[in-house]
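One file, coords10.pdb, is given below (PDB, C-alpha atoms, pLDDT in the B column).
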ATOM      1  CA  MET A1144      10.337 -26.355  25.338  1.00 53.00           C
ATOM      2  CA  LYS A1145       7.266 -24.160  25.850  1.00 58.00           C
ATOM      3  CA  LYS A1146       9.291 -21.633  27.854  1.00 58.00           C
ATOM      4  CA  SER A1147      11.921 -21.434  25.105  1.00 56.00           C
ATOM      5  CA  LEU A1148       9.270 -20.872  22.453  1.00 47.00           C
ATOM      6  CA  LEU A1149       7.537 -18.232  24.574  1.00 49.00           C
ATOM      7  CA  LEU A1150      10.862 -16.491  25.206  1.00 48.00           C
ATOM      8  CA  PHE A1151      11.689 -16.553  21.464  1.00 49.00           C
ATOM      9  CA  VAL A1152       8.281 -15.126  20.475  1.00 47.00           C
ATOM     10  CA  SER A1153       8.517 -12.418  23.151  1.00 52.00           C
ATOM     11  CA  LEU A1154      12.002 -11.463  21.985  1.00 47.00           C
ATOM     12  CA  ALA A1155      10.928 -11.345  18.307  1.00 50.00           C
ATOM     13  CA  VAL A1156       7.932  -9.127  19.116  1.00 49.00           C
ATOM     14  CA  SER A1157      10.074  -6.857  21.289  1.00 49.00           C
ATOM     15  CA  LEU A1158      12.716  -6.425  18.567  1.00 48.00           C
ATOM     16  CA  THR A1159      10.033  -5.604  15.986  1.00 50.00           C
ATOM     17  CA  LEU A1160       8.528  -2.978  18.274  1.00 50.00           C
ATOM     18  CA  LEU A1161      11.932  -1.457  19.025  1.00 52.00           C
ATOM     19  CA  ALA A1162      12.702  -1.233  15.289  1.00 57.00           C
ATOM     20  CA  GLN A1163       9.641   0.946  14.749  1.00 73.00           C
ATOM     21  CA  THR A1164       9.996   4.689  15.037  1.00 86.00           C
ATOM     22  CA  LYS A1165       7.225   6.957  16.280  1.00 91.00           C
ATOM     23  CA  LYS A1166       6.461   7.827  12.638  1.00 93.00           C
ATOM     24  CA  ASP A1167       6.308   4.120  11.728  1.00 94.00           C
ATOM     25  CA  LYS A1168       3.861   3.439  14.560  1.00 94.00           C
ATOM     26  CA  GLU A1169       1.634   6.281  13.331  1.00 96.00           C
ATOM     27  CA  ILE A1170       1.708   4.936   9.752  1.00 97.00           C
ATOM     28  CA  ILE A1171       0.919   1.418  11.007  1.00 97.00           C
ATOM     29  CA  SER A1172      -2.043   2.715  12.987  1.00 97.00           C
ATOM     30  CA  GLU A1173      -3.279   4.740   9.995  1.00 97.00           C
ATOM     31  CA  SER A1174      -2.828   1.663   7.771  1.00 97.00           C
ATOM     32  CA  LYS A1175      -5.120  -0.361  10.019  1.00 96.00           C
ATOM     33  CA  GLU A1176      -7.719   2.422   9.852  1.00 97.00           C
ATOM     34  CA  ALA A1177      -7.347   2.611   6.068  1.00 95.00           C
ATOM     35  CA  LYS A1178      -7.959  -1.146   5.834  1.00 96.00           C
ATOM     36  CA  LYS A1179     -11.169  -0.698   7.830  1.00 96.00           C
ATOM     37  CA  SER A1180     -12.226   2.095   5.444  1.00 93.00           C
ATOM     38  CA  PHE A1181     -11.584  -0.057   2.361  1.00 92.00           C
ATOM     39  CA  LEU A1182     -13.568  -2.931   3.901  1.00 94.00           C
ATOM     40  CA  LYS A1183     -16.401  -0.614   4.965  1.00 93.00           C
ATOM     41  CA  THR A1184     -16.627   0.860   1.461  1.00 89.00           C
ATOM     42  CA  ASP A1185     -16.493  -2.548  -0.243  1.00 89.00           C
ATOM     43  CA  LYS A1186     -16.942  -5.643   1.902  1.00 88.00           C
ATOM     44  CA  GLY A1187     -15.805  -7.791  -1.033  1.00 88.00           C
ATOM     45  CA  MET A1188     -12.261  -6.535  -0.520  1.00 91.00           C
ATOM     46  CA  GLY A1189     -12.065  -8.935   2.390  1.00 94.00           C
ATOM     47  CA  ALA A1190     -11.349 -11.635  -0.209  1.00 93.00           C
ATOM     48  CA  PHE A1191      -8.252  -9.735  -1.381  1.00 95.00           C
ATOM     49  CA  PHE A1192      -7.042  -9.115   2.177  1.00 96.00           C
ATOM     50  CA  GLY A1193      -7.666 -12.757   3.065  1.00 95.00           C
ATOM     51  CA  SER A1194      -6.235 -14.508   0.025  1.00 95.00           C
ATOM     52  CA  SER A1195      -3.330 -12.334  -1.124  1.00 97.00           C
ATOM     53  CA  TYR A1196       0.192 -13.475  -0.300  1.00 98.00           C
ATOM     54  CA  GLY A1197       0.896  -9.955   0.942  1.00 98.00           C
ATOM     55  CA  TYR A1198      -0.070  -6.346   0.594  1.00 98.00           C
ATOM     56  CA  VAL A1199       1.183  -2.842   1.232  1.00 97.00           C
ATOM     57  CA  MET A1200      -1.131  -0.162   2.579  1.00 98.00           C
ATOM     58  CA  PHE A1201      -0.389   3.505   1.935  1.00 95.00           C
ATOM     59  CA  PRO A1202      -2.872   5.342   4.194  1.00 97.00           C
ATOM     60  CA  ASN A1203      -1.889   8.876   3.133  1.00 93.00           C
ATOM     61  CA  VAL A1204      -0.591   9.615  -0.333  1.00 89.00           C
ATOM     62  CA  GLY A1205      -0.306  13.291  -1.227  1.00 83.00           C
ATOM     63  CA  LYS A1206      -0.362  14.268  -4.876  1.00 79.00           C
ATOM     64  CA  GLY A1207      -0.078  17.638  -6.557  1.00 76.00           C
ATOM     65  CA  GLY A1208       1.109  19.374  -9.633  1.00 74.00           C
ATOM     66  CA  LEU A1209       0.882  21.994 -12.292  1.00 74.00           C
ATOM     67  CA  ASP A1210       1.954  20.451 -15.636  1.00 70.00           C
ATOM     68  CA  VAL A1211       4.630  18.442 -13.783  1.00 73.00           C
ATOM     69  CA  GLY A1212       3.446  16.713 -10.667  1.00 74.00           C
ATOM     70  CA  GLY A1213       4.384  14.219  -8.075  1.00 80.00           C
ATOM     71  CA  ALA A1214       3.092  12.133  -5.244  1.00 83.00           C
ATOM     72  CA  SER A1215       4.537  10.481  -2.191  1.00 89.00           C
ATOM     73  CA  GLY A1216       3.421   8.445   0.750  1.00 94.00           C
ATOM     74  CA  ASN A1217       4.569   5.989   3.379  1.00 97.00           C
ATOM     75  CA  GLY A1218       3.000   2.637   4.090  1.00 97.00           C
ATOM     76  CA  ALA A1219       3.037  -0.589   6.037  1.00 98.00           C
ATOM     77  CA  VAL A1220       3.899  -3.951   4.458  1.00 98.00           C
ATOM     78  CA  PHE A1221       2.066  -7.128   5.429  1.00 98.00           C
ATOM     79  CA  LYS A1222       3.046 -10.687   4.488  1.00 97.00           C
ATOM     80  CA  GLN A1223       0.359 -13.321   5.012  1.00 95.00           C
ATOM     81  CA  GLY A1224      -1.340 -11.025   7.522  1.00 92.00           C
ATOM     82  CA  SER A1225       1.775 -10.141   9.560  1.00 96.00           C
ATOM     83  CA  LEU A1226       3.450  -6.730   9.598  1.00 97.00           C
ATOM     84  CA  ILE A1227       7.017  -7.120   8.279  1.00 97.00           C
ATOM     85  CA  GLY A1228       8.216  -3.629   7.303  1.00 97.00           C
ATOM     86  CA  MET A1229       7.581  -0.200   5.882  1.00 98.00           C
ATOM     87  CA  ALA A1230       7.482   1.190   2.349  1.00 97.00           C
ATOM     88  CA  LYS A1231       7.822   4.507   0.552  1.00 96.00           C
ATOM     89  CA  LEU A1232       5.935   5.440  -2.616  1.00 92.00           C
ATOM     90  CA  THR A1233       7.074   8.165  -5.015  1.00 89.00           C
ATOM     91  CA  GLN A1234       5.493   9.178  -8.287  1.00 84.00           C
ATOM     92  CA  LEU A1235       6.327  11.601 -11.066  1.00 76.00           C
ATOM     93  CA  CYS A1236       3.753  12.675 -13.660  1.00 71.00           C
ATOM     94  CA  ILE A1237       4.130  14.767 -16.785  1.00 69.00           C
ATOM     95  CA  GLY A1238       1.110  16.093 -18.666  1.00 66.00           C
ATOM     96  CA  PHE A1239      -1.922  18.270 -18.068  1.00 64.00           C
ATOM     97  CA  GLN A1240      -2.657  18.456 -14.368  1.00 65.00           C
ATOM     98  CA  ALA A1241      -3.492  21.118 -11.845  1.00 69.00           C
ATOM     99  CA  GLY A1242      -4.311  20.863  -8.170  1.00 75.00           C
ATOM    100  CA  GLY A1243      -3.710  18.504  -5.331  1.00 75.00           C
ATOM    101  CA  GLN A1244      -5.352  15.580  -3.624  1.00 79.00           C
ATOM    102  CA  SER A1245      -4.814  12.971  -0.974  1.00 84.00           C
ATOM    103  CA  PHE A1246      -5.768   9.340  -1.235  1.00 87.00           C
ATOM    104  CA  ARG A1247      -5.218   5.877   0.186  1.00 90.00           C
ATOM    105  CA  GLU A1248      -3.703   3.080  -1.858  1.00 89.00           C
ATOM    106  CA  VAL A1249      -3.475  -0.647  -1.223  1.00 92.00           C
ATOM    107  CA  ILE A1250      -1.451  -2.966  -3.428  1.00 92.00           C
ATOM    108  CA  PHE A1251      -2.151  -6.699  -3.240  1.00 95.00           C
ATOM    109  CA  PHE A1252       0.357  -9.340  -4.340  1.00 96.00           C
ATOM    110  CA  GLU A1253      -1.186 -12.595  -5.493  1.00 96.00           C
ATOM    111  CA  SER A1254       1.825 -14.819  -4.854  1.00 97.00           C
ATOM    112  CA  LYS A1255       5.260 -14.983  -3.278  1.00 97.00           C
ATOM    113  CA  LYS A1256       6.888 -14.221  -6.652  1.00 96.00           C
ATOM    114  CA  GLU A1257       5.313 -10.750  -6.988  1.00 94.00           C
ATOM    115  CA  PHE A1258       5.669 -10.026  -3.278  1.00 97.00           C
ATOM    116  CA  ASP A1259       9.377 -10.884  -3.395  1.00 96.00           C
ATOM    117  CA  ARG A1260       9.858  -8.537  -6.353  1.00 94.00           C
ATOM    118  CA  PHE A1261       8.341  -5.775  -4.219  1.00 94.00           C
ATOM    119  CA  THR A1262      10.451  -6.531  -1.127  1.00 96.00           C
ATOM    120  CA  GLU A1263      13.584  -6.697  -3.303  1.00 94.00           C
ATOM    121  CA  ASN A1264      12.744  -3.182  -4.586  1.00 90.00           C
ATOM    122  CA  LYS A1265      12.390  -4.525  -8.124  1.00 87.00           C
ATOM    123  CA  ILE A1266       8.859  -3.371  -8.804  1.00 79.00           C
ATOM    124  CA  GLU A1267       7.556  -0.111 -10.133  1.00 75.00           C
ATOM    125  CA  PHE A1268       4.379   0.736 -11.964  1.00 71.00           C
ATOM    126  CA  ALA A1269       4.363   2.352 -15.356  1.00 58.00           C
ATOM    127  CA  ALA A1270       1.504   4.202 -16.999  1.00 46.00           C
ATOM    128  CA  GLN A1271      -0.207   1.003 -18.156  1.00 42.00           C
ATOM    129  CA  VAL A1272      -0.873  -0.155 -14.587  1.00 52.00           C
ATOM    130  CA  SER A1273      -4.198   1.160 -13.422  1.00 54.00           C
ATOM    131  CA  ALA A1274      -5.751   1.349 -10.014  1.00 64.00           C
ATOM    132  CA  VAL A1275      -9.368   0.616  -9.241  1.00 63.00           C
ATOM    133  CA  ALA A1276     -11.143   3.396  -7.363  1.00 65.00           C
ATOM    134  CA  SER A1277     -12.680   1.758  -4.312  1.00 65.00           C
ATOM    135  CA  ALA A1278     -16.466   1.882  -4.152  1.00 64.00           C
ATOM    136  CA  ALA A1279     -19.180  -0.508  -3.079  1.00 63.00           C
ATOM    137  CA  GLY A1280     -18.937  -3.726  -5.069  1.00 61.00           C
ATOM    138  CA  VAL A1281     -15.978  -2.874  -7.336  1.00 68.00           C
ATOM    139  CA  SER A1282     -13.790  -5.636  -5.920  1.00 71.00           C
ATOM    140  CA  ALA A1283     -16.224  -8.266  -7.214  1.00 70.00           C
ATOM    141  CA  ASP A1284     -15.014  -7.665 -10.786  1.00 75.00           C
ATOM    142  CA  ALA A1285     -11.427  -6.693  -9.962  1.00 81.00           C
ATOM    143  CA  LYS A1286      -8.706  -9.082 -11.042  1.00 86.00           C
ATOM    144  CA  TYR A1287      -4.976  -9.401 -10.512  1.00 90.00           C
ATOM    145  CA  VAL A1288      -2.939  -8.151 -13.469  1.00 86.00           C
ATOM    146  CA  GLU A1289       0.435  -9.848 -13.637  1.00 87.00           C
ATOM    147  CA  GLY A1290      -0.031 -10.875 -10.000  1.00 91.00           C
ATOM    148  CA  VAL A1291      -0.803  -7.380  -8.687  1.00 90.00           C
ATOM    149  CA  ALA A1292      -4.081  -5.610  -7.857  1.00 89.00           C
ATOM    150  CA  VAL A1293      -4.213  -1.921  -6.877  1.00 88.00           C
ATOM    151  CA  PHE A1294      -7.080  -0.064  -5.217  1.00 87.00           C
ATOM    152  CA  THR A1295      -7.266   3.632  -4.319  1.00 86.00           C
ATOM    153  CA  MET A1296      -9.659   5.663  -2.213  1.00 86.00           C
ATOM    154  CA  ALA A1297      -9.879   9.457  -2.370  1.00 84.00           C
ATOM    155  CA  LYS A1298      -9.469  11.260   0.938  1.00 82.00           C
ATOM    156  CA  GLY A1299      -9.720  14.869  -0.143  1.00 62.00           C
ATOM    157  CA  GLY A1300      -8.647  17.604  -2.484  1.00 55.00           C
ATOM    158  CA  LEU A1301      -9.338  18.343  -6.110  1.00 54.00           C
ATOM    159  CA  MET A1302      -7.106  17.544  -9.029  1.00 46.00           C
ATOM    160  CA  TYR A1303      -7.565  17.568 -12.785  1.00 49.00           C
ATOM    161  CA  GLN A1304      -5.241  15.210 -14.541  1.00 47.00           C
ATOM    162  CA  ALA A1305      -4.584  13.632 -17.919  1.00 46.00           C
ATOM    163  CA  SER A1306      -1.024  12.492 -17.492  1.00 45.00           C
ATOM    164  CA  VAL A1307       1.339   9.574 -17.677  1.00 40.00           C
ATOM    165  CA  GLY A1308       3.755   8.633 -14.991  1.00 54.00           C
ATOM    166  CA  GLY A1309       4.822   5.838 -12.757  1.00 76.00           C
ATOM    167  CA  GLN A1310       5.099   4.836  -9.161  1.00 82.00           C
ATOM    168  CA  LYS A1311       8.312   3.636  -7.605  1.00 88.00           C
ATOM    169  CA  PHE A1312       8.628   1.900  -4.240  1.00 91.00           C
ATOM    170  CA  LYS A1313      11.241   1.353  -1.559  1.00 95.00           C
ATOM    171  CA  TYR A1314      10.789  -1.402   1.016  1.00 96.00           C
ATOM    172  CA  ASP A1315      12.457  -1.320   4.438  1.00 95.00           C
ATOM    173  CA  PRO A1316      12.166  -4.497   6.552  1.00 95.00           C
ATOM    174  CA  PHE A1317      12.102  -4.421  10.329  1.00 90.00           C
TER     175      PHE A1317
END
Would you mind giving the structure from this file in C-alpha cells?
Amino acid sequence: MKKSLLLFVSLAVSLTLLAQTKKDKEIISESKEAKKSFLKTDKGMGAFFGSSYGYVMFPNVGKGGLDVGGASGNGAVFKQGSLIGMAKLTQLCIGFQAGGQSFREVIFFESKKEFDRFTENKIEFAAQVSAVASAAGVSADAKYVEGVAVFTMAKGGLMYQASVGGQKFKYDPF
C-alpha cells in the first residue's frame, strides 16, 4: 500500500513538472519571491496567504499608456497552498494616463466559490474593484469584497493615471 501511494505521488509530481515550460518555471520562481516581498513589506499578509482558499500571484505586471493603455502579466495559481496552474492577466484602460510602470499583484479568493469562478475563467474585474497598495500594516484593515481581496506592490516606473478599465484573466491548469 505504501509503495503504491509513493509511486502515485511520484508520478503526479513528475507529470506536474513535465507540464511546466521553462517560462512557467521562471514565473513560479518569481511568484515565490514576490510572496516573500509581500510578506516582508507587511507581515500581516501571512493571514491572507494562510487562510484564503486560493490565490494567484502575478510577479511582473507591465503597464503603460498614453490616453489608451494596457497591462499584462503572467502568474502562478495556488489552491490551498499547492501550485495547480498558470494564469494570464490583461487590462485595458481608457482615460488620462501617460507613462509606464511595473508592479506585482496578488489576488486572494476567500472560498471555493470565488476560486472556482476564477479557474473557470468567469471572473474579471471592472473599475469598481480596487486593489490595496501593499505597505506595512495595510493588510490589518483589508477585507474581502465579494470574496476577493487584491494587493499590489510597485516595482518600478512612473505613471500618471486617472482612468477606468478592467482586468481579465485566463487560467491554464497543469
| message | I'd like to see the residues matched by the PyMOL selection byres ((chain A and resi 1245-1261) around 6) on this file, and ideally I'd get them as a list in words. | response | Ser1195, Tyr1196, Gly1197, Tyr1198, Val1199, Met1200, Phe1201, Pro1202, Asn1203, Val1204, Gly1205, Gln1244, Thr1262, Glu1263, Asn1264, Lys1265, Ile1266, Gly1290, Val1291, Ala1292, Val1293, Phe1294, Thr1295, Met1296, Ala1297, Lys1298 and Gly1299 of chain A
Using the chain letters and numbers from this file, what does the PyMOL selection byres ((chain A and resi 1232) around 6) select? Give the answer as a short mmCIF file (atom, residue, chain, number, x, y, z; two decimals) with C-alpha atoms, in the frame of the given file.
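out.cif, freshly written:
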data_model
loop_
_atom_site.label_atom_id
_atom_site.label_comp_id
_atom_site.auth_asym_id
_atom_site.auth_seq_id
_atom_site.Cartn_x
_atom_site.Cartn_y
_atom_site.Cartn_z
CA SER A 1215 4.54 10.48 -2.19
CA GLY A 1216 3.42 8.44 0.75
CA LYS A 1231 7.82 4.51 0.55
CA THR A 1233 7.07 8.16 -5.01
CA LYS A 1311 8.31 3.64 -7.60
CA PHE A 1312 8.63 1.90 -4.24
#
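For the residues A:Ser1225, A:Ala1230, A:Lys1313, A:Gly1218, ranking by smallest atom-to-atom distance to Ile1170 (chain A) using only C-alpha atoms places A:Gly1218 first.
With CA of Gly1309 (chain A) on one side and CA of Lys1178 (chain A) on the other, the separation reads 23.6 Å.
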| said: Restricting the calculation to only C-alpha atoms: of A:Gln1310, A:Asp1315, A:Ala1219, A:Gly1243, which residue gets closest to Lys1168 (chain A)? | reply: A:Ala1219
Since fewer atoms than expected are present, regenerate N, CA and C atoms for region 1227-1258 of chain A and write them as a PDB file, in the coordinates of the input.
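What follows is the written file part.pdb:
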ATOM      1  N   ILE A1227       5.599  -6.755   8.411  1.00 97.00           N
ATOM      2  CA  ILE A1227       7.017  -7.120   8.279  1.00 97.00           C
ATOM      3  C   ILE A1227       7.921  -5.934   7.948  1.00 97.00           C
ATOM      4  N   GLY A1228       7.363  -4.764   7.647  1.00 97.00           N
ATOM      5  CA  GLY A1228       8.216  -3.629   7.303  1.00 97.00           C
ATOM      6  C   GLY A1228       7.424  -2.423   6.849  1.00 97.00           C
ATOM      7  N   MET A1229       8.164  -1.463   6.334  1.00 98.00           N
ATOM      8  CA  MET A1229       7.581  -0.200   5.882  1.00 98.00           C
ATOM      9  C   MET A1229       7.954   0.019   4.416  1.00 98.00           C
ATOM     10  N   ALA A1230       7.215   0.906   3.762  1.00 97.00           N
ATOM     11  CA  ALA A1230       7.482   1.190   2.349  1.00 97.00           C
ATOM     12  C   ALA A1230       7.290   2.671   2.070  1.00 97.00           C
ATOM     13  N   LYS A1231       7.928   3.123   1.018  1.00 96.00           N
ATOM     14  CA  LYS A1231       7.822   4.507   0.552  1.00 96.00           C
ATOM     15  C   LYS A1231       7.378   4.475  -0.899  1.00 96.00           C
ATOM     16  N   LEU A1232       6.434   5.316  -1.253  1.00 92.00           N
ATOM     17  CA  LEU A1232       5.935   5.440  -2.616  1.00 92.00           C
ATOM     18  C   LEU A1232       6.311   6.816  -3.136  1.00 92.00           C
ATOM     19  N   THR A1233       6.839   6.884  -4.346  1.00 89.00           N
ATOM     20  CA  THR A1233       7.074   8.165  -5.015  1.00 89.00           C
ATOM     21  C   THR A1233       6.537   8.046  -6.433  1.00 89.00           C
ATOM     22  N   GLN A1234       6.075   9.170  -6.955  1.00 84.00           N
ATOM     23  CA  GLN A1234       5.493   9.178  -8.287  1.00 84.00           C
ATOM     24  C   GLN A1234       5.825  10.494  -8.972  1.00 84.00           C
ATOM     25  N   LEU A1235       6.101  10.417 -10.253  1.00 76.00           N
ATOM     26  CA  LEU A1235       6.327  11.601 -11.066  1.00 76.00           C
ATOM     27  C   LEU A1235       5.387  11.524 -12.255  1.00 76.00           C
ATOM     28  N   CYS A1236       4.704  12.626 -12.550  1.00 71.00           N
ATOM     29  CA  CYS A1236       3.753  12.675 -13.660  1.00 71.00           C
ATOM     30  C   CYS A1236       4.054  13.882 -14.532  1.00 71.00           C
ATOM     31  N   ILE A1237       3.954  13.678 -15.834  1.00 69.00           N
ATOM     32  CA  ILE A1237       4.130  14.767 -16.785  1.00 69.00           C
ATOM     33  C   ILE A1237       2.905  14.790 -17.676  1.00 69.00           C
ATOM     34  N   GLY A1238       2.314  15.954 -17.857  1.00 66.00           N
ATOM     35  CA  GLY A1238       1.110  16.093 -18.666  1.00 66.00           C
ATOM     36  C   GLY A1238       0.182  17.099 -18.034  1.00 66.00           C
ATOM     37  N   PHE A1239      -0.989  17.279 -18.607  1.00 64.00           N
ATOM     38  CA  PHE A1239      -1.922  18.270 -18.068  1.00 64.00           C
ATOM     39  C   PHE A1239      -2.405  17.832 -16.691  1.00 64.00           C
ATOM     40  N   GLN A1240      -2.176  18.685 -15.722  1.00 65.00           N
ATOM     41  CA  GLN A1240      -2.657  18.456 -14.368  1.00 65.00           C
ATOM     42  C   GLN A1240      -2.563  19.750 -13.593  1.00 65.00           C
ATOM     43  N   ALA A1241      -3.494  19.937 -12.703  1.00 69.00           N
ATOM     44  CA  ALA A1241      -3.492  21.118 -11.845  1.00 69.00           C
ATOM     45  C   ALA A1241      -4.245  20.792 -10.569  1.00 69.00           C
ATOM     46  N   GLY A1242      -3.636  21.066  -9.439  1.00 75.00           N
ATOM     47  CA  GLY A1242      -4.311  20.863  -8.170  1.00 75.00           C
ATOM     48  C   GLY A1242      -3.572  19.915  -7.261  1.00 75.00           C
ATOM     49  N   GLY A1243      -4.294  19.423  -6.289  1.00 75.00           N
ATOM     50  CA  GLY A1243      -3.710  18.504  -5.331  1.00 75.00           C
ATOM     51  C   GLY A1243      -4.785  17.624  -4.731  1.00 75.00           C
ATOM     52  N   GLN A1244      -4.403  16.483  -4.248  1.00 79.00           N
ATOM     53  CA  GLN A1244      -5.352  15.580  -3.624  1.00 79.00           C
ATOM     54  C   GLN A1244      -4.609  14.637  -2.686  1.00 79.00           C
ATOM     55  N   SER A1245      -5.373  14.012  -1.825  1.00 84.00           N
ATOM     56  CA  SER A1245      -4.814  12.971  -0.974  1.00 84.00           C
ATOM     57  C   SER A1245      -5.684  11.734  -1.130  1.00 84.00           C
ATOM     58  N   PHE A1246      -5.037  10.587  -1.063  1.00 87.00           N
ATOM     59  CA  PHE A1246      -5.768   9.340  -1.235  1.00 87.00           C
ATOM     60  C   PHE A1246      -5.061   8.219  -0.489  1.00 87.00           C
ATOM     61  N   ARG A1247      -5.773   7.104  -0.373  1.00 90.00           N
ATOM     62  CA  ARG A1247      -5.218   5.877   0.186  1.00 90.00           C
ATOM     63  C   ARG A1247      -4.972   4.924  -0.977  1.00 90.00           C
ATOM     64  N   GLU A1248      -3.972   4.068  -0.827  1.00 89.00           N
ATOM     65  CA  GLU A1248      -3.703   3.080  -1.858  1.00 89.00           C
ATOM     66  C   GLU A1248      -3.305   1.775  -1.199  1.00 89.00           C
ATOM     67  N   VAL A1249      -3.873   0.683  -1.686  1.00 92.00           N
ATOM     68  CA  VAL A1249      -3.475  -0.647  -1.223  1.00 92.00           C
ATOM     69  C   VAL A1249      -3.090  -1.458  -2.458  1.00 92.00           C
ATOM     70  N   ILE A1250      -1.956  -2.134  -2.343  1.00 92.00           N
ATOM     71  CA  ILE A1250      -1.451  -2.966  -3.428  1.00 92.00           C
ATOM     72  C   ILE A1250      -1.396  -4.399  -2.917  1.00 92.00           C
ATOM     73  N   PHE A1251      -2.122  -5.285  -3.606  1.00 95.00           N
ATOM     74  CA  PHE A1251      -2.151  -6.699  -3.240  1.00 95.00           C
ATOM     75  C   PHE A1251      -1.223  -7.487  -4.162  1.00 95.00           C
ATOM     76  N   PHE A1252      -0.525  -8.458  -3.590  1.00 96.00           N
ATOM     77  CA  PHE A1252       0.357  -9.340  -4.340  1.00 96.00           C
ATOM     78  C   PHE A1252      -0.214 -10.746  -4.261  1.00 96.00           C
ATOM     79  N   GLU A1253      -0.503 -11.306  -5.424  1.00 96.00           N
ATOM     80  CA  GLU A1253      -1.186 -12.595  -5.493  1.00 96.00           C
ATOM     81  C   GLU A1253      -0.335 -13.754  -4.985  1.00 96.00           C
ATOM     82  N   SER A1254       0.974 -13.691  -5.233  1.00 97.00           N
ATOM     83  CA  SER A1254       1.825 -14.819  -4.854  1.00 97.00           C
ATOM     84  C   SER A1254       3.163 -14.326  -4.305  1.00 97.00           C
ATOM     85  N   LYS A1255       3.936 -15.272  -3.830  1.00 97.00           N
ATOM     86  CA  LYS A1255       5.260 -14.983  -3.278  1.00 97.00           C
ATOM     87  C   LYS A1255       6.153 -14.318  -4.328  1.00 97.00           C
ATOM     88  N   LYS A1256       6.042 -14.758  -5.573  1.00 96.00           N
ATOM     89  CA  LYS A1256       6.888 -14.221  -6.652  1.00 96.00           C
ATOM     90  C   LYS A1256       6.748 -12.697  -6.765  1.00 96.00           C
ATOM     91  N   GLU A1257       5.529 -12.199  -6.866  1.00 94.00           N
ATOM     92  CA  GLU A1257       5.313 -10.750  -6.988  1.00 94.00           C
ATOM     93  C   GLU A1257       5.674 -10.023  -5.696  1.00 94.00           C
ATOM     94  N   PHE A1258       5.347 -10.637  -4.565  1.00 97.00           N
ATOM     95  CA  PHE A1258       5.669 -10.026  -3.278  1.00 97.00           C
ATOM     96  C   PHE A1258       7.183  -9.890  -3.118  1.00 97.00           C
TER      97      PHE A1258
END
